[in-house]
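Asker: My structure is below; once you've seen it, I'll send some questions.
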Amino acid sequence: MRFSGSATYVTTRDLNLAVNAAITLQRPLLIKGEPGTGKTMLAEEVAAALGMPLFQWHIKSTTKAQQGLYEYDAVSRLRDSQLGEARVADIGSYIVKGVLWQAFECETASVVLIDEIDKADIEFPNDLLRELDRMEFFVYETRQTVRARQRPVVVITSNNEKELPDAFLRRCFFHYIRFPDKETMQSIVDVHFPGLKPALLREALEVFFELREIPGLKKKPSTSELLDWLKLLLAEDIPPEVLRSKEQKAAIPPLHGALLKNEQDVHLFERLIFMARHNR
Amino acid sequence: MLIDFFLHLKASRLPVSIQEFLTLLEALRQHVIAHSIDDFYLLSRAVLVKDESHFDKFDRAFGEYFKGVEALPGMEVLIPEEWLRRAVKKHLSDAERARLEKLGWEKLMETFRQRLAEQKERHSGGSKWIGSGGSSPFGHGGTHPEGIRLGGRSENRSAVKVWERREYRNLDDSVELGTRNIKVALRRLRRFAREGAAEELDLEGTIAGTARNAGWLDLKLRPERHNAVKVLLLLDIGGSMDDHIRVCEELFSACRSEFKHLEHYYFHNCVYDYLWRDNRRRHSERIATHDVLHRYGNDYKLIFVGDASMSPYELLQPNGSIEFNNVEPGAAWLRRLADTWPHSIWLNPEAEHSWPYRQSTSLIHNLLGGRMFPLTLDGLERGMRLLSK
């Protein structure tokens with residue numbers, strides 16, 4: 001069981017190593033990185049590559065740790081009791097299983113994705129410490145202990161909006177997805193657009209990396225934005241010459257809205273171009 | 001041998017724990033990696049370092065420890081020109097840059113590269129080599145008028161290492177402070193209370209009530225939870241604070257959305273008889289500090305924001321204010337404020353290590369019983385922790 005990227009997902013050596021170490025030692029793997037560098041995709045690809053089912057848990061600011069284990073649907077039970085339904089007697093029929101419970105119950109080993117853990121409350125990771133460590137939890141309502149049949153591979157992503165507690169970090173493996181360099185980016189694009197004209201790709205990458213180097217951008221364009229932009233370039237059938245335009249370096253790249261998502265960034269960019277024109 | 005490695009990391013002030021070290025040994029025992037130093041580097045980083053801001057420190061510590069075993073992969077001595085330019089822009093004033101022309105940019109860079117190539121060892125002092133201290137035009141903390149300060153803060157103990165390609169360098173920075181970060185820090189201050197009209201369904205209460213009612217539905221409602229922390233913000237404005245306006249604005253906008261009861265007033269350098277709310281009408285619409293003292297209860301948390309840089313006279317002498325003739329010295333006012341609101345802190349946008357060198361800063365520091373914190377994320381955290389006690 002070794003993960004080494006897939007046909008649609010380009011990985012680097014350090015990422016493979018981190019994933020494999022986490023699988024071998026059965027520890028959660030914490031993934032950080034710039035938005036749009038494929039953190040969430042990783043869990044899907046690991047699951048696909050290893051042929052395991054994937055359980056996804058997307059975290060919001062209101063998510064509670066308990067919801068990943070189970071929830072007791074007291075309101076339905078209350079309503080049913082008013083109607084005199086028979087199943088009211090069994091509290092078990094009002095326990096709604098959460099993502100982790102489903103994964104623990106799974107016959108085969110599975111992959112659990114806890115997406116954007118930093119969105120939740122500061123205490124959220126602490127509430128999951130024991131559950132992720134021992135891979136078991138206790139259901140208070142039915143007095144049963146749920147234990148994982150096969151320890152799932154847990155992938156956790158974070159956008160760094162909050163600091164995660166030390167006790168939680170100590171139990172994880174950590175990998176920071178760095179922004180890909182030009183070669184890696186080339187292979188990523190190759191995987192997504194196999195038939196892309198080399199000329200167009202070269203020019204597009206040039207423009208893209210130049211754009212990322214503009215100081216002061218609020219949100220630098222990332223891999224997923226590059227892929228979107230290429231898709232647009234292809235759809236609009238824009239010839240590579242338009243992108244090259246070394247003399248008209250001062251020209252705004254076509255469809256730049258796919259790359260710059262922030263109004264201030266677009267303004268900054270246009271101002272720089274205006275200045276560049278002026279200095280010529 | 002790995003115990004030494006672990007202790008070396010610890011000595012390099014990386015937050016590594018025994019548990020993580022055991023995990024690393026376990027991983028080695030299970031043959032996660034082949035026998036290669038590159039793989040070991042990647043594995044130990046994944047196991048031991050949990051924050052990309054520590055990657056740089058780890059790279060250095062790892063390199064130091066395994067020096068001689070094999071050079072760290074991908075390390076080369078090369079300075080990107082772009083970076084140099086930015087460093088020059090950042091660290092030199094216009095006048096200095098003009099003076100730099102004396103030596104000439106191209107020539108300076110050329111000499112710099114040359115020296116760097118010649119230089120093999122870490123260097124400190126002296127007048128030719130690049131290093132820390134000294135009077136060569138290149139390096140850190142130098143005195144040469146045309147010198148370029150390179151390599152950032154004092155924690156770069158060896159300047160040469162700074163040039164080895166350390167890709168995570170720009171992540172290792174605790175000064176970066178965005179509105180979002182401040183909000184996270186301020187969240188510590190939140191305390192929830194239930195007040196007002198009952199309009200939220202109290203599930204537990206309803207269930208308990210219904211059970212007591214022998215199964216007949218007994219709906220219980222309760223007021224919504226909301227933030228009950230009250231904050232009084234006093235901001236220094238103008239003068240020496242101009243450099244820090246951006247940080248303060250961010251703090252202010254973060255405060256705005258985070259607290260329900262937030263009152264703010266401005267002062268200049270130190271608090272005296274009057275405060276004001278709108279800086280443009282500071283002379284026409286000002287409020288006596290005494291009124292402020294009486295208006296807000298002592299459950300308010302008081303946060304000063306200011307660089308505390310002023311002449312000591314402004315603090316200690318009557319009539320010391322640069323704006324008007326104050327009867328009482330600023331220190332008396334500060335003490336009065338701190339007594340009225342026991343939960344008070346002072347946030348200082350100046351770097352913490354510079355405080356002891358400013359007389360007024362250490363005076364205020366003492367006046368507030370040491371409750372002064374730098375306006376960085378870490379400082380905010382410490383301050384908020386104190387306030388929420």
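Note on naming: chains are A, B, ... as they come in the structure tokens, residues start from 1 per chain, ligands start from 1 in the order shown.
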Show me, as a PyMOL selection string, every residue of chain A with an atom at most 8 Å from chain B, counting only C-alpha atoms.
Answerer: chain A and resi 14+17-18+20-21+24-25+74-75+78+81-82+161-162+169-176
Asker: Emit the selected residues as a PDB file, in the first residue's frame, including N, CA, C and O atoms.
Answerer:
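Final output, selection_18.pdb:
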ATOM      1  N   ASP A  14       8.366  14.607  -1.398  1.00  0.00           N
ATOM      2  CA  ASP A  14       8.144  14.789   0.036  1.00  0.00           C
ATOM      3  C   ASP A  14       6.684  14.529   0.410  1.00  0.00           C
ATOM      4  O   ASP A  14       6.402  14.012   1.487  1.00  0.00           O
ATOM      5  N   LEU A  17       6.143  10.799   0.551  1.00  0.00           N
ATOM      6  CA  LEU A  17       6.748  10.245   1.750  1.00  0.00           C
ATOM      7  C   LEU A  17       5.883  10.505   2.972  1.00  0.00           C
ATOM      8  O   LEU A  17       5.665   9.612   3.798  1.00  0.00           O
ATOM      9  N   ALA A  18       5.371  11.719   3.060  1.00  0.00           N
ATOM     10  CA  ALA A  18       4.526  12.055   4.208  1.00  0.00           C
ATOM     11  C   ALA A  18       3.267  11.196   4.219  1.00  0.00           C
ATOM     12  O   ALA A  18       2.858  10.680   5.264  1.00  0.00           O
ATOM     13  N   ASN A  20       2.827   8.230   2.836  1.00  0.00           N
ATOM     14  CA  ASN A  20       3.142   6.833   3.130  1.00  0.00           C
ATOM     15  C   ASN A  20       3.506   6.621   4.592  1.00  0.00           C
ATOM     16  O   ASN A  20       3.141   5.610   5.188  1.00  0.00           O
ATOM     17  N   ALA A  21       4.207   7.598   5.145  1.00  0.00           N
ATOM     18  CA  ALA A  21       4.544   7.479   6.570  1.00  0.00           C
ATOM     19  C   ALA A  21       3.268   7.490   7.405  1.00  0.00           C
ATOM     20  O   ALA A  21       3.117   6.715   8.353  1.00  0.00           O
ATOM     21  N   THR A  24       1.532   4.109   7.019  1.00  0.00           N
ATOM     22  CA  THR A  24       2.223   3.025   7.705  1.00  0.00           C
ATOM     23  C   THR A  24       2.041   3.118   9.216  1.00  0.00           C
ATOM     24  O   THR A  24       1.770   2.121   9.874  1.00  0.00           O
ATOM     25  N   LEU A  25       2.203   4.313   9.745  1.00  0.00           N
ATOM     26  CA  LEU A  25       2.130   4.458  11.197  1.00  0.00           C
ATOM     27  C   LEU A  25       0.710   4.747  11.680  1.00  0.00           C
ATOM     28  O   LEU A  25       0.509   4.947  12.878  1.00  0.00           O
ATOM     29  N   ALA A  74     -33.088  14.595  19.026  1.00  0.00           N
ATOM     30  CA  ALA A  74     -34.097  14.643  20.092  1.00  0.00           C
ATOM     31  C   ALA A  74     -35.424  15.196  19.598  1.00  0.00           C
ATOM     32  O   ALA A  74     -36.496  14.779  20.058  1.00  0.00           O
ATOM     33  N   VAL A  75     -35.360  16.105  18.646  1.00  0.00           N
ATOM     34  CA  VAL A  75     -36.598  16.746  18.198  1.00  0.00           C
ATOM     35  C   VAL A  75     -37.521  15.742  17.514  1.00  0.00           C
ATOM     36  O   VAL A  75     -38.730  15.707  17.791  1.00  0.00           O
ATOM     37  N   LEU A  78     -39.055  13.581  20.096  1.00  0.00           N
ATOM     38  CA  LEU A  78     -40.088  14.312  20.817  1.00  0.00           C
ATOM     39  C   LEU A  78     -41.376  14.327  20.011  1.00  0.00           C
ATOM     40  O   LEU A  78     -42.470  14.043  20.523  1.00  0.00           O
ATOM     41  N   SER A  81     -42.994  11.006  19.870  1.00  0.00           N
ATOM     42  CA  SER A  81     -43.627  10.613  21.132  1.00  0.00           C
ATOM     43  C   SER A  81     -45.010  11.248  21.252  1.00  0.00           C
ATOM     44  O   SER A  81     -45.931  10.653  21.793  1.00  0.00           O
ATOM     45  N   GLN A  82     -45.138  12.449  20.711  1.00  0.00           N
ATOM     46  CA  GLN A  82     -46.439  13.103  20.741  1.00  0.00           C
ATOM     47  C   GLN A  82     -47.435  12.351  19.878  1.00  0.00           C
ATOM     48  O   GLN A  82     -48.626  12.347  20.129  1.00  0.00           O
ATOM     49  N   GLU A 161      -6.036  29.527   9.216  1.00  0.00           N
ATOM     50  CA  GLU A 161      -6.754  30.677   9.749  1.00  0.00           C
ATOM     51  C   GLU A 161      -6.686  30.687  11.263  1.00  0.00           C
ATOM     52  O   GLU A 161      -6.855  31.716  11.878  1.00  0.00           O
ATOM     53  N   LYS A 162      -6.477  29.520  11.841  1.00  0.00           N
ATOM     54  CA  LYS A 162      -6.321  29.469  13.293  1.00  0.00           C
ATOM     55  C   LYS A 162      -5.151  28.575  13.631  1.00  0.00           C
ATOM     56  O   LYS A 162      -4.837  27.640  12.916  1.00  0.00           O
ATOM     57  N   LEU A 169      -1.370  18.691  17.289  1.00  0.00           N
ATOM     58  CA  LEU A 169      -0.298  18.644  16.292  1.00  0.00           C
ATOM     59  C   LEU A 169       0.665  17.496  16.563  1.00  0.00           C
ATOM     60  O   LEU A 169       1.169  16.870  15.633  1.00  0.00           O
ATOM     61  N   ARG A 170       0.922  17.254  17.849  1.00  0.00           N
ATOM     62  CA  ARG A 170       1.881  16.200  18.195  1.00  0.00           C
ATOM     63  C   ARG A 170       1.454  14.856  17.650  1.00  0.00           C
ATOM     64  O   ARG A 170       2.283  14.012  17.368  1.00  0.00           O
ATOM     65  N   ARG A 171       0.147  14.647  17.492  1.00  0.00           N
ATOM     66  CA  ARG A 171      -0.334  13.348  17.046  1.00  0.00           C
ATOM     67  C   ARG A 171      -0.361  13.211  15.538  1.00  0.00           C
ATOM     68  O   ARG A 171      -0.657  12.149  15.011  1.00  0.00           O
ATOM     69  N   CYS A 172      -0.123  14.321  14.839  1.00  0.00           N
ATOM     70  CA  CYS A 172      -0.256  14.292  13.381  1.00  0.00           C
ATOM     71  C   CYS A 172       1.110  14.235  12.703  1.00  0.00           C
ATOM     72  O   CYS A 172       2.119  14.579  13.278  1.00  0.00           O
ATOM     73  N   PHE A 173       1.092  13.816  11.443  1.00  0.00           N
ATOM     74  CA  PHE A 173       2.200  14.103  10.551  1.00  0.00           C
ATOM     75  C   PHE A 173       1.833  15.387   9.840  1.00  0.00           C
ATOM     76  O   PHE A 173       0.668  15.687   9.672  1.00  0.00           O
ATOM     77  N   PHE A 174       2.851  16.088   9.416  1.00  0.00           N
ATOM     78  CA  PHE A 174       2.559  17.391   8.836  1.00  0.00           C
ATOM     79  C   PHE A 174       3.209  17.510   7.465  1.00  0.00           C
ATOM     80  O   PHE A 174       4.350  17.101   7.257  1.00  0.00           O
ATOM     81  N   HIS A 175       2.459  18.052   6.535  1.00  0.00           N
ATOM     82  CA  HIS A 175       3.078  18.386   5.255  1.00  0.00           C
ATOM     83  C   HIS A 175       2.558  19.723   4.775  1.00  0.00           C
ATOM     84  O   HIS A 175       1.364  19.991   4.830  1.00  0.00           O
ATOM     85  N   TYR A 176       3.480  20.552   4.302  1.00  0.00           N
ATOM     86  CA  TYR A 176       3.104  21.846   3.754  1.00  0.00           C
ATOM     87  C   TYR A 176       3.259  21.767   2.242  1.00  0.00           C
ATOM     88  O   TYR A 176       4.365  21.544   1.748  1.00  0.00           O
TER      89      TYR A 176
END
Asker: Would you please give, as number ranges by chain, all residues of range 264-323 of chain B that DSSP assigns to helix (DSSP H, G or I) based on the backbone?
Answerer: B: 279-281, 289-295, 312-316
Asker: As a PyMOL selection string, list the residues of range 60-276 of chain A assigned to strand (DSSP E or B) by DSSP on the backbone atoms of this structure.
Answerer: chain A and resi 70-72+95-97+111-115+136-139+144-147+153-158+173-177
Asker: Output N, CA and C atoms of each residue in that selection to a file, as a compact mmCIF listing (two decimals), in the first residue's frame.
Answerer:
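The new file out-v2.txt reads:
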# COMPACT_ATOMS: atom_id res chain seq x y z
N TYR A 70 -21.61 11.33 16.28
CA TYR A 70 -23.03 11.05 16.11
C TYR A 70 -23.84 12.21 16.63
N GLU A 71 -25.11 12.24 16.28
CA GLU A 71 -26.01 13.24 16.84
C GLU A 71 -27.28 12.56 17.32
N TYR A 72 -27.79 13.06 18.37
CA TYR A 72 -29.02 12.51 18.93
C TYR A 72 -30.15 13.42 18.47
N ILE A 95 -30.38 8.01 16.88
CA ILE A 95 -28.96 8.35 16.83
C ILE A 95 -28.55 8.44 15.36
N VAL A 96 -28.11 9.61 14.94
CA VAL A 96 -27.68 9.78 13.55
C VAL A 96 -26.16 9.66 13.51
N LYS A 97 -25.69 8.73 12.68
CA LYS A 97 -24.25 8.47 12.65
C LYS A 97 -23.50 9.58 11.93
N VAL A 111 -10.55 6.08 3.87
CA VAL A 111 -9.88 7.36 4.00
C VAL A 111 -10.90 8.37 4.54
N VAL A 112 -10.51 9.08 5.58
CA VAL A 112 -11.40 10.13 6.12
C VAL A 112 -10.77 11.48 5.85
N LEU A 113 -11.54 12.36 5.25
CA LEU A 113 -11.05 13.71 5.00
C LEU A 113 -11.74 14.66 5.97
N ILE A 114 -10.96 15.34 6.79
CA ILE A 114 -11.50 16.40 7.64
C ILE A 114 -11.04 17.70 7.01
N ASP A 115 -11.95 18.34 6.28
CA ASP A 115 -11.56 19.43 5.41
C ASP A 115 -11.66 20.77 6.13
N GLU A 136 -11.75 5.28 18.66
CA GLU A 136 -12.95 4.75 19.29
C GLU A 136 -13.63 5.87 20.07
N PHE A 137 -14.91 5.72 20.31
CA PHE A 137 -15.61 6.68 21.15
C PHE A 137 -16.82 6.01 21.79
N PHE A 138 -17.37 6.68 22.76
CA PHE A 138 -18.46 6.11 23.55
C PHE A 138 -19.75 6.84 23.22
N VAL A 139 -20.80 6.08 22.97
CA VAL A 139 -22.09 6.70 22.71
C VAL A 139 -22.88 6.69 24.02
N GLN A 144 -22.86 2.35 24.27
CA GLN A 144 -22.03 1.44 23.50
C GLN A 144 -20.73 2.14 23.11
N THR A 145 -19.71 1.34 22.91
CA THR A 145 -18.45 1.90 22.46
C THR A 145 -18.26 1.54 20.99
N VAL A 146 -18.04 2.55 20.18
CA VAL A 146 -17.80 2.31 18.76
C VAL A 146 -16.30 2.29 18.55
N ARG A 147 -15.82 1.19 17.98
CA ARG A 147 -14.38 1.06 17.77
C ARG A 147 -14.15 0.81 16.29
N VAL A 153 -7.34 5.95 7.26
CA VAL A 153 -6.31 6.94 6.96
C VAL A 153 -6.97 8.31 7.08
N VAL A 154 -6.49 9.13 7.98
CA VAL A 154 -7.14 10.42 8.20
C VAL A 154 -6.30 11.53 7.57
N VAL A 155 -6.94 12.28 6.68
CA VAL A 155 -6.27 13.44 6.07
C VAL A 155 -6.99 14.69 6.55
N ILE A 156 -6.24 15.62 7.10
CA ILE A 156 -6.82 16.84 7.64
C ILE A 156 -6.22 18.02 6.88
N THR A 157 -7.05 18.93 6.42
CA THR A 157 -6.50 20.10 5.74
C THR A 157 -6.76 21.34 6.58
N SER A 158 -5.87 22.31 6.40
CA SER A 158 -6.01 23.56 7.15
C SER A 158 -5.52 24.71 6.29
N PHE A 173 1.09 13.82 11.44
CA PHE A 173 2.20 14.10 10.55
C PHE A 173 1.83 15.39 9.84
N PHE A 174 2.85 16.09 9.42
CA PHE A 174 2.56 17.39 8.84
C PHE A 174 3.21 17.51 7.47
N HIS A 175 2.46 18.05 6.53
CA HIS A 175 3.08 18.39 5.25
C HIS A 175 2.56 19.72 4.78
N TYR A 176 3.48 20.55 4.30
CA TYR A 176 3.10 21.85 3.75
C TYR A 176 3.26 21.77 2.24
N ILE A 177 2.15 21.88 1.54
CA ILE A 177 2.24 21.82 0.08
C ILE A 177 2.79 23.14 -0.42
Asker: Please provide as a list of chain:residue names all residues within 8 Å of Leu69 in chain A, with the sequence filter that same-chain residues fewer than 2 positions apart are discarded (counting only C-alpha atoms).
Answerer: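 Once the adjacent positions are removed, what remains is A:Ala65, A:Gln66, A:Gln67, A:Glu71, A:Lys97, A:Gly98, A:Val99, A:Leu100, A:Trp101, A:Phe137.
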Asker: Report the distance between CA of Lys10 in chain B and CA of Leu380 in chain B in Å, rounded to one decimal place.
Answerer: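 Value for the CA of Lys10 in chain B-CA of Leu380 in chain B distance: 25.9 Å.
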Asker: Rank B:Ala351, B:Leu363, B:Leu234, B:Leu7 by their smallest atom-to-atom distance to Leu302 in chain B, using only C-alpha atoms, and report the top residue only.
Answerer: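 Looking only at the distances to Leu302 in chain B, the closest residue turns out to be B:Leu234.
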Asker: I'd like the neighbourhood of Gly36 in chain A as an MDAnalysis selection string, where a residue qualifies if any of its atoms comes within 7 Å (using only C-alpha atoms), though same-chain residues fewer than 6 positions away should be ignored.
Answerer: chainID A and resid 222:224
Asker: Next, dump the selected residues to file, keeping only N, CA, C and O atoms, as a compact mmCIF listing (two decimals), in the first residue's frame.
Answerer:
# COMPACT_ATOMS: atom_id res chain seq x y z
N SER A 222 -3.25 30.81 -7.89
CA SER A 222 -2.67 29.52 -7.53
C SER A 222 -2.95 28.51 -8.63
O SER A 222 -3.49 28.83 -9.67
N THR A 223 -2.56 27.25 -8.33
CA THR A 223 -2.65 26.21 -9.35
C THR A 223 -4.05 26.11 -9.93
O THR A 223 -4.22 26.05 -11.15
N SER A 224 -5.05 26.09 -9.06
CA SER A 224 -6.39 25.87 -9.58
C SER A 224 -6.82 27.04 -10.45
O SER A 224 -7.55 26.87 -11.43
Asker: Which residues are close to range 236-243 of chain A, i.e. within 8 Å by only C-alpha atoms, leaving aside same-chain residues fewer than 4 positions away? Reply as an mmCIF file with all heavy atoms, in the first residue's frame.
Answerer:
data_model
loop_
_atom_site.group_PDB
_atom_site.id
_atom_site.type_symbol
_atom_site.label_atom_id
_atom_site.label_comp_id
_atom_site.auth_asym_id
_atom_site.auth_seq_id
_atom_site.Cartn_x
_atom_site.Cartn_y
_atom_site.Cartn_z
ATOM 1 N N ALA A 199 3.611 25.794 -27.109
ATOM 2 C CA ALA A 199 3.886 27.232 -27.183
ATOM 3 C C ALA A 199 2.961 27.996 -26.254
ATOM 4 O O ALA A 199 3.393 28.853 -25.487
ATOM 5 C CB ALA A 199 3.722 27.724 -28.609
ATOM 6 N N LEU A 200 1.682 27.640 -26.337
ATOM 7 C CA LEU A 200 0.695 28.333 -25.507
ATOM 8 C C LEU A 200 1.006 28.124 -24.028
ATOM 9 O O LEU A 200 0.991 29.060 -23.237
ATOM 10 C CB LEU A 200 -0.720 27.829 -25.824
ATOM 11 C CG LEU A 200 -1.827 28.440 -24.991
ATOM 12 C CD1 LEU A 200 -1.991 29.909 -25.298
ATOM 13 C CD2 LEU A 200 -3.144 27.719 -25.187
ATOM 14 N N GLU A 203 4.042 30.159 -22.832
ATOM 15 C CA GLU A 203 3.734 31.585 -22.659
ATOM 16 C C GLU A 203 2.820 31.794 -21.453
ATOM 17 O O GLU A 203 2.999 32.729 -20.671
ATOM 18 C CB GLU A 203 3.043 32.148 -23.922
ATOM 19 C CG GLU A 203 3.841 32.006 -25.195
ATOM 20 C CD GLU A 203 5.204 32.654 -25.124
ATOM 21 O OE1 GLU A 203 5.398 33.529 -24.257
ATOM 22 O OE2 GLU A 203 6.094 32.268 -25.905
ATOM 23 N N ALA A 204 1.858 30.902 -21.331
ATOM 24 C CA ALA A 204 0.900 31.059 -20.234
ATOM 25 C C ALA A 204 1.601 30.935 -18.881
ATOM 26 O O ALA A 204 1.362 31.727 -17.972
ATOM 27 C CB ALA A 204 -0.208 30.020 -20.353
ATOM 28 N N VAL A 207 3.547 34.111 -18.123
ATOM 29 C CA VAL A 207 2.669 35.188 -17.653
ATOM 30 C C VAL A 207 2.246 34.916 -16.220
ATOM 31 O O VAL A 207 2.266 35.794 -15.356
ATOM 32 C CB VAL A 207 1.417 35.297 -18.561
ATOM 33 C CG1 VAL A 207 0.415 36.275 -17.954
ATOM 34 C CG2 VAL A 207 1.811 35.740 -19.950
ATOM 35 N N LEU A 232 -10.045 28.506 -20.052
ATOM 36 C CA LEU A 232 -10.642 29.649 -20.748
ATOM 37 C C LEU A 232 -9.861 29.992 -22.014
ATOM 38 O O LEU A 232 -10.441 30.216 -23.078
ATOM 39 C CB LEU A 232 -10.677 30.871 -19.839
ATOM 40 C CG LEU A 232 -11.802 30.924 -18.815
ATOM 41 C CD1 LEU A 232 -11.635 32.131 -17.925
ATOM 42 C CD2 LEU A 232 -13.138 30.981 -19.530
ATOM 43 N N PRO A 253 -2.930 40.629 -19.716
ATOM 44 C CA PRO A 253 -3.184 39.313 -20.287
ATOM 45 C C PRO A 253 -4.685 39.079 -20.450
ATOM 46 O O PRO A 253 -5.466 39.519 -19.608
ATOM 47 C CB PRO A 253 -2.573 38.345 -19.268
ATOM 48 C CG PRO A 253 -2.280 39.138 -18.066
ATOM 49 C CD PRO A 253 -2.219 40.563 -18.452
ATOM 50 N N PRO A 254 -5.086 38.436 -21.529
ATOM 51 C CA PRO A 254 -6.510 38.230 -21.754
ATOM 52 C C PRO A 254 -7.124 37.378 -20.664
ATOM 53 O O PRO A 254 -6.456 36.498 -20.107
ATOM 54 C CB PRO A 254 -6.551 37.521 -23.110
ATOM 55 C CG PRO A 254 -5.196 36.951 -23.301
ATOM 56 C CD PRO A 254 -4.257 37.858 -22.590
#
Asker: Find the spatial neighbours of Ala308 in chain B, counting only C-alpha atoms, within a cut-off of 8 Å - ignore same-chain residues fewer than 3 positions away - and output them as a ChimeraX atom specification.
Answerer: /B:269-270,348,360-361,364
Asker: Put those residues in a file: all heavy atoms, as a PDB file, in the first residue's frame.
Answerer:
ATOM      1  N   ASN B 269      -0.126  61.055  22.341  1.00  0.00           N
ATOM      2  CA  ASN B 269       1.032  60.686  23.162  1.00  0.00           C
ATOM      3  C   ASN B 269       0.665  60.147  24.544  1.00  0.00           C
ATOM      4  O   ASN B 269       1.026  59.046  24.887  1.00  0.00           O
ATOM      5  CB  ASN B 269       1.985  61.867  23.321  1.00  0.00           C
ATOM      6  CG  ASN B 269       2.905  61.982  22.130  1.00  0.00           C
ATOM      7  OD1 ASN B 269       2.802  61.171  21.200  1.00  0.00           O
ATOM      8  ND2 ASN B 269       3.780  62.947  22.134  1.00  0.00           N
ATOM      9  N   CYS B 270      -0.026  60.949  25.326  1.00  0.00           N
ATOM     10  CA  CYS B 270      -0.393  60.466  26.649  1.00  0.00           C
ATOM     11  C   CYS B 270      -1.784  61.000  26.977  1.00  0.00           C
ATOM     12  O   CYS B 270      -2.209  62.003  26.429  1.00  0.00           O
ATOM     13  CB  CYS B 270       0.627  60.952  27.685  1.00  0.00           C
ATOM     14  SG  CYS B 270       0.305  60.266  29.309  1.00  0.00           S
ATOM     15  N   ASN B 348       1.561  47.931  22.108  1.00  0.00           N
ATOM     16  CA  ASN B 348       2.580  48.815  21.559  1.00  0.00           C
ATOM     17  C   ASN B 348       3.037  48.311  20.195  1.00  0.00           C
ATOM     18  O   ASN B 348       3.550  47.203  20.078  1.00  0.00           O
ATOM     19  CB  ASN B 348       3.769  48.844  22.533  1.00  0.00           C
ATOM     20  CG  ASN B 348       4.727  49.946  22.205  1.00  0.00           C
ATOM     21  OD1 ASN B 348       4.800  50.410  21.069  1.00  0.00           O
ATOM     22  ND2 ASN B 348       5.472  50.380  23.205  1.00  0.00           N
ATOM     23  N   SER B 360      10.348  56.673  28.212  1.00  0.00           N
ATOM     24  CA  SER B 360       8.912  56.797  28.438  1.00  0.00           C
ATOM     25  C   SER B 360       8.232  55.441  28.352  1.00  0.00           C
ATOM     26  O   SER B 360       7.284  55.157  29.081  1.00  0.00           O
ATOM     27  CB  SER B 360       8.312  57.751  27.417  1.00  0.00           C
ATOM     28  OG  SER B 360       8.566  57.293  26.109  1.00  0.00           O
ATOM     29  N   THR B 361       8.738  54.584  27.446  1.00  0.00           N
ATOM     30  CA  THR B 361       8.116  53.272  27.291  1.00  0.00           C
ATOM     31  C   THR B 361       8.258  52.459  28.567  1.00  0.00           C
ATOM     32  O   THR B 361       7.301  51.858  29.050  1.00  0.00           O
ATOM     33  CB  THR B 361       8.749  52.511  26.115  1.00  0.00           C
ATOM     34  OG1 THR B 361       8.775  53.368  24.980  1.00  0.00           O
ATOM     35  CG2 THR B 361       7.967  51.267  25.791  1.00  0.00           C
ATOM     36  N   ILE B 364       5.895  53.799  31.289  1.00  0.00           N
ATOM     37  CA  ILE B 364       4.500  53.359  31.162  1.00  0.00           C
ATOM     38  C   ILE B 364       4.382  51.878  31.457  1.00  0.00           C
ATOM     39  O   ILE B 364       3.430  51.414  32.083  1.00  0.00           O
ATOM     40  CB  ILE B 364       3.981  53.699  29.758  1.00  0.00           C
ATOM     41  CG1 ILE B 364       3.900  55.210  29.607  1.00  0.00           C
ATOM     42  CG2 ILE B 364       2.637  53.056  29.496  1.00  0.00           C
ATOM     43  CD1 ILE B 364       3.400  55.682  28.290  1.00  0.00           C
TER      44      ILE B 364
END
Asker: Hey, what's within 12 Å of Ile122 in chain A if we count only C-alpha atoms and toss same-chain stuff fewer than 2 positions away? As a PyMOL selection string, please?
Answerer: (chain A and resi 61-65+117-120+124-128+160-166+168) or (chain B and resi 184-185+187-188)
Asker: For CA of Phe62 in chain B and CA of His8 in chain B, determine how far apart the two atoms are, in Å to one decimal place.
Answerer: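 For CA of Phe62 in chain B relative to CA of His8 in chain B, the distance reads 8.6 Å.
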